[in-house]
Structures are given as C-alpha cells and as structure tokens.
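Enquirer: Contents of entry10.tsv (TSV, C-alpha atoms):
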chain	number	residue	atom	x	y	z
J	1	MET	CA	45.58	167.41	40.90
J	2	ARG	CA	43.33	165.59	43.34
J	3	LYS	CA	42.36	163.17	40.66
J	4	LEU	CA	46.05	162.39	39.99
J	5	GLN	CA	46.70	161.81	43.70
J	6	GLY	CA	43.69	159.49	43.88
J	7	ILE	CA	44.91	157.49	40.90
J	8	GLN	CA	48.42	157.28	42.39
J	9	GLY	CA	46.99	156.06	45.71
J	10	LEU	CA	44.83	153.50	43.95
J	11	LEU	CA	47.75	152.26	41.85
J	12	GLY	CA	49.96	152.02	44.96
J	13	THR	CA	47.30	150.01	46.75
J	14	ILE	CA	46.87	147.68	43.77
J	15	ILE	CA	50.65	147.13	43.44
J	16	ILE	CA	51.13	146.49	47.16
J	17	GLY	CA	48.08	144.23	47.33
J	18	GLY	CA	49.16	142.29	44.27
J	19	THR	CA	52.64	141.83	45.70
J	20	ILE	CA	51.29	140.61	49.02
J	21	LEU	CA	48.89	138.21	47.31
J	22	SER	CA	51.59	136.79	45.03
J	23	PHE	CA	53.99	136.22	47.95
J	24	GLY	CA	51.22	134.75	50.05
J	25	THR	CA	50.17	132.35	47.29
J	26	SER	CA	53.74	131.27	46.67
J	27	ALA	CA	54.36	130.76	50.38
J	28	PHE	CA	51.17	128.71	50.63
J	29	ALA	CA	52.20	126.62	47.61
J	30	ASN	CA	55.63	125.97	49.09
J	31	THR	CA	54.11	124.92	52.39
J	32	ASP	CA	51.78	122.56	50.55
J	33	THR	CA	54.67	121.01	48.67
J	34	MET	CA	56.73	120.55	51.81
J	35	VAL	CA	53.88	118.73	53.53
J	36	ILE	CA	53.29	116.46	50.54
J	37	ASN	CA	56.98	115.58	50.24
J	38	GLN	CA	57.45	114.93	53.97
J	39	PRO	CA	58.77	111.36	54.23
J	40	ASN	CA	57.35	108.97	56.75
J	41	GLN	CA	59.49	107.55	59.55
J	42	ILE	CA	60.14	104.14	58.00
J	43	TYR	CA	61.12	105.72	54.68
J	44	SER	CA	63.59	107.94	56.56
J	45	GLN	CA	65.04	104.96	58.41
J	46	VAL	CA	65.46	102.96	55.20
J	47	CYS	CA	67.11	105.84	53.34
J	48	HIS	CA	69.33	106.65	56.28
J	49	GLY	CA	70.22	102.98	56.60
J	50	LYS	CA	71.05	102.73	52.91
J	51	HIS	CA	73.17	105.87	53.10
J	52	HIS	CA	74.95	104.56	56.19
J	53	PHE	CA	75.52	101.18	54.52
J	54	ASN	CA	76.96	102.81	51.39
J	55	GLU	CA	79.29	104.93	53.52
J	56	MET	CA	80.39	101.82	55.42
J	57	MET	CA	81.08	99.92	52.18
J	58	THR	CA	83.12	102.85	50.82
J	59	GLU	CA	85.12	103.03	54.04
J	60	LEU	CA	85.81	99.28	54.06
J	61	VAL	CA	86.96	99.36	50.43
J	62	ASN	CA	89.11	102.47	51.01
J	63	LYS	CA	90.75	100.83	54.02
J	64	LYS	CA	91.31	97.75	51.87
J	65	ILE	CA	89.45	95.50	54.31
J	66	ILE	CA	87.21	94.29	51.47
J	67	THR	CA	87.28	94.64	47.68
J	68	GLN	CA	84.78	96.59	45.60
J	69	GLU	CA	83.51	93.28	44.22
J	70	GLN	CA	82.82	92.06	47.77
J	71	ALA	CA	81.08	95.36	48.59
J	72	ASP	CA	78.84	94.94	45.53
J	73	LYS	CA	77.98	91.34	46.47
J	74	TRP	CA	77.29	92.42	50.05
J	75	ALA	CA	74.94	95.14	48.78
J	76	GLU	CA	73.04	92.57	46.70
J	77	PHE	CA	72.88	90.20	49.67
J	78	ARG	CA	71.60	93.01	51.89
J	79	GLN	CA	68.93	93.91	49.34
J	80	SER	CA	67.69	90.31	49.35
J	81	LYS	CA	67.21	90.56	53.14
J	82	MET	CA	65.23	93.84	53.15
J	83	ALA	CA	61.87	92.22	53.97
J	84	GLU	CA	63.41	90.60	57.05
J	85	SER	CA	64.96	93.92	58.10
J	86	LYS	CA	61.62	95.69	57.78
J	87	ALA	CA	59.97	93.04	59.96
J	88	GLU	CA	62.76	93.45	62.53
J	89	ARG	CA	62.29	97.25	62.64
J	90	GLU	CA	58.57	96.79	63.20
J	91	LYS	CA	59.18	94.23	65.94
J	92	ILE	CA	61.46	96.45	68.02
J	93	LYS	CA	60.13	99.93	67.26
J	94	ASP	CA	58.50	100.30	70.68
J	95	LEU	CA	61.52	99.18	72.71
J	96	PRO	CA	63.40	101.78	74.76
J	97	LYS	CA	66.33	103.41	72.95
J	98	GLU	CA	69.06	101.55	74.85
J	99	GLU	CA	67.42	98.16	74.23
J	100	ARG	CA	67.07	98.96	70.52
J	101	ARG	CA	70.75	99.95	70.36
J	102	ASN	CA	71.79	96.65	71.99
J	103	TYR	CA	69.45	94.72	69.71
J	104	TRP	CA	70.96	96.30	66.58
J	105	GLN	CA	74.52	95.70	67.76
J	106	ASN	CA	73.74	92.00	68.18
J	107	ALA	CA	71.82	91.93	64.89
J	108	ASN	CA	74.75	93.56	63.04
J	109	ASN	CA	77.13	90.89	64.36
J	110	LYS	CA	74.64	88.19	63.32
J	111	ARG	CA	74.30	89.71	59.84
J	112	LEU	CA	78.06	89.91	59.51
J	113	GLU	CA	78.26	86.18	60.21
J	114	GLU	CA	75.58	85.59	57.56
J	115	VAL	CA	77.74	87.47	55.04
J	116	VAL	CA	80.66	85.20	55.98
J	117	LYS	CA	78.48	82.08	55.62
J	118	ALA	CA	77.32	83.31	52.22
J	119	GLY	CA	80.97	83.35	51.13
J	120	ILE	CA	81.04	87.10	50.46
J	121	ILE	CA	83.78	87.92	53.00
J	122	THR	CA	86.21	85.84	55.04
J	123	GLN	CA	86.20	85.30	58.79
J	124	GLU	CA	89.37	87.42	59.03
J	125	GLN	CA	87.67	90.30	57.23
J	126	ALA	CA	84.68	89.97	59.56
J	127	ALA	CA	87.02	90.22	62.56
J	128	GLN	CA	88.56	93.40	61.12
J	129	ILE	CA	85.10	94.87	60.53
J	130	LYS	CA	83.97	94.03	64.07
J	131	GLU	CA	87.10	95.71	65.44
J	132	LEU	CA	86.40	98.80	63.32
J	133	TRP	CA	82.78	98.92	64.57
J	134	GLN	CA	83.90	98.49	68.17
J	135	ASN	CA	86.40	101.34	67.84
J	136	LYS	CA	83.70	103.59	66.40
J	137	ARG	CA	81.32	102.75	69.24
J	138	ASN	CA	84.04	103.44	71.81
J	139	ASN	CA	84.87	106.80	70.21
J	140	LYS	CA	81.21	107.88	70.34
J	141	GLN	CA	81.01	107.31	74.08
Any chance you could put this one into structure tokens?
Expert:
Amino acid sequence: MRKLQGIQGLLGTIIIGGTILSFGTSAFANTDTMVINQPNQIYSQVCHGKHHFNEMMTELVNKKIITQEQADKWAEFRQSKMAESKAEREKIKDLPKEERRNYWQNANNKRLEEVVKAGIITQEQAAQIKELWQNKRNNKQ
C-alpha cells in the first residue's frame, strides 16, 4: 500500500513538473518570438503612413473627389518619393511634437501641389482635398 502511494506521489510530481516545464518553455518561446518580431520605430511609421495613405485614397475615391485611376497614379508617385520622405522624417524626428505637426501639415500641402504639377489631379480636386483635411483637423480639436 505504501509502495502504491509512493508511486502515485512520484507520478503526480512528474506530471505536474512536466506540465509546468512545457508551459514555461512555450511561454519563453512566445516571448522570444515577440521580441524578434518587434518592429522598429521607422518601420512602424512607414507602415502606419502607408495604411493612412491607403485609407485616404479609398475615402477620396468613395467621395468621388478622385477616380481610382488617379488614386493608383498617386500611389505610384508617392512610392517614387519614399527616399525623400525618409530623409524628411530623419530631419525632423527631434523636433517638439507641435512643430512636427505644423511641419507635416505644410509638407502635405506642398506634396499635394506636387501631385497637381505631375498632372495626377486637378487644382479643383486639390482644393476639395485641402478642405476635407482642414475639416478633419478641426474636428479633432
């Protein structure tokens, strides 16, 4: 009888220990994976910017301010300017938040004019887009 109780105790210990070890190993592995897959700040900004841009293009097409063809051309144009955008982000990264916000508002207006000059959208469409942006900024405040 004592021998049976000893075996049961040993088996219980082995099962509990094995369970704890397997959960611990899996938790450690998941932590490792999360650290490895953690994106850096610039990657996050670029992905967020791309996502934001895609949302903006969809909204402009849905509101019939621009056509899908114009949105596609604008996306190609934007892609060709990515090196300049990266340099801009690096240049202003240490500015205070309010100065960065003002900088980007001016830069967005400048980029919009570049899209007009490239013949992708008209001046009237640019005016509609600026108005939309202004309304969004006013609603956030």
Enquirer: Give me, as a list in words, all polymer residues having an atom no more than 8 Å from range 75-88 of chain J, counting only C-alpha atoms and skipping those fewer than 4 positions away in the same chain.
Expert: Ala71, Ile92 and Val115 of chain J
Enquirer: Need to verify the contact set: Trp74 in chain J, 12 Å, only C-alpha atoms, exclusion of same-chain residues closer than 3 positions in sequence. Can you return it as an MDAnalysis selection string?
Expert: chainID J and resid 53:54 56:58 60:61 66:71 77:81 111:121
Enquirer: Need the shell around Asn109 in chain J: protein/DNA/RNA residues with any atom at most 12 Å away, counting all atoms listed in the file. Skip same-chain ones fewer than 3 positions apart. Format as a count of residues only?
Expert: 17
Enquirer: If I take CA of Lys64 in chain J and CA of Glu124 in chain J, how far is one from the other in Å, to one decimal?
Expert: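 CA of Lys64 in chain J sits 12.7 Å away from CA of Glu124 in chain J.
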Enquirer: Would you mind reading off the distance between CA of Ile65 in chain J and CA of His52 in chain J, one decimal, in Å?
Expert: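 Result for CA of Ile65 in chain J versus CA of His52 in chain J: 17.2 Å, one decimal.
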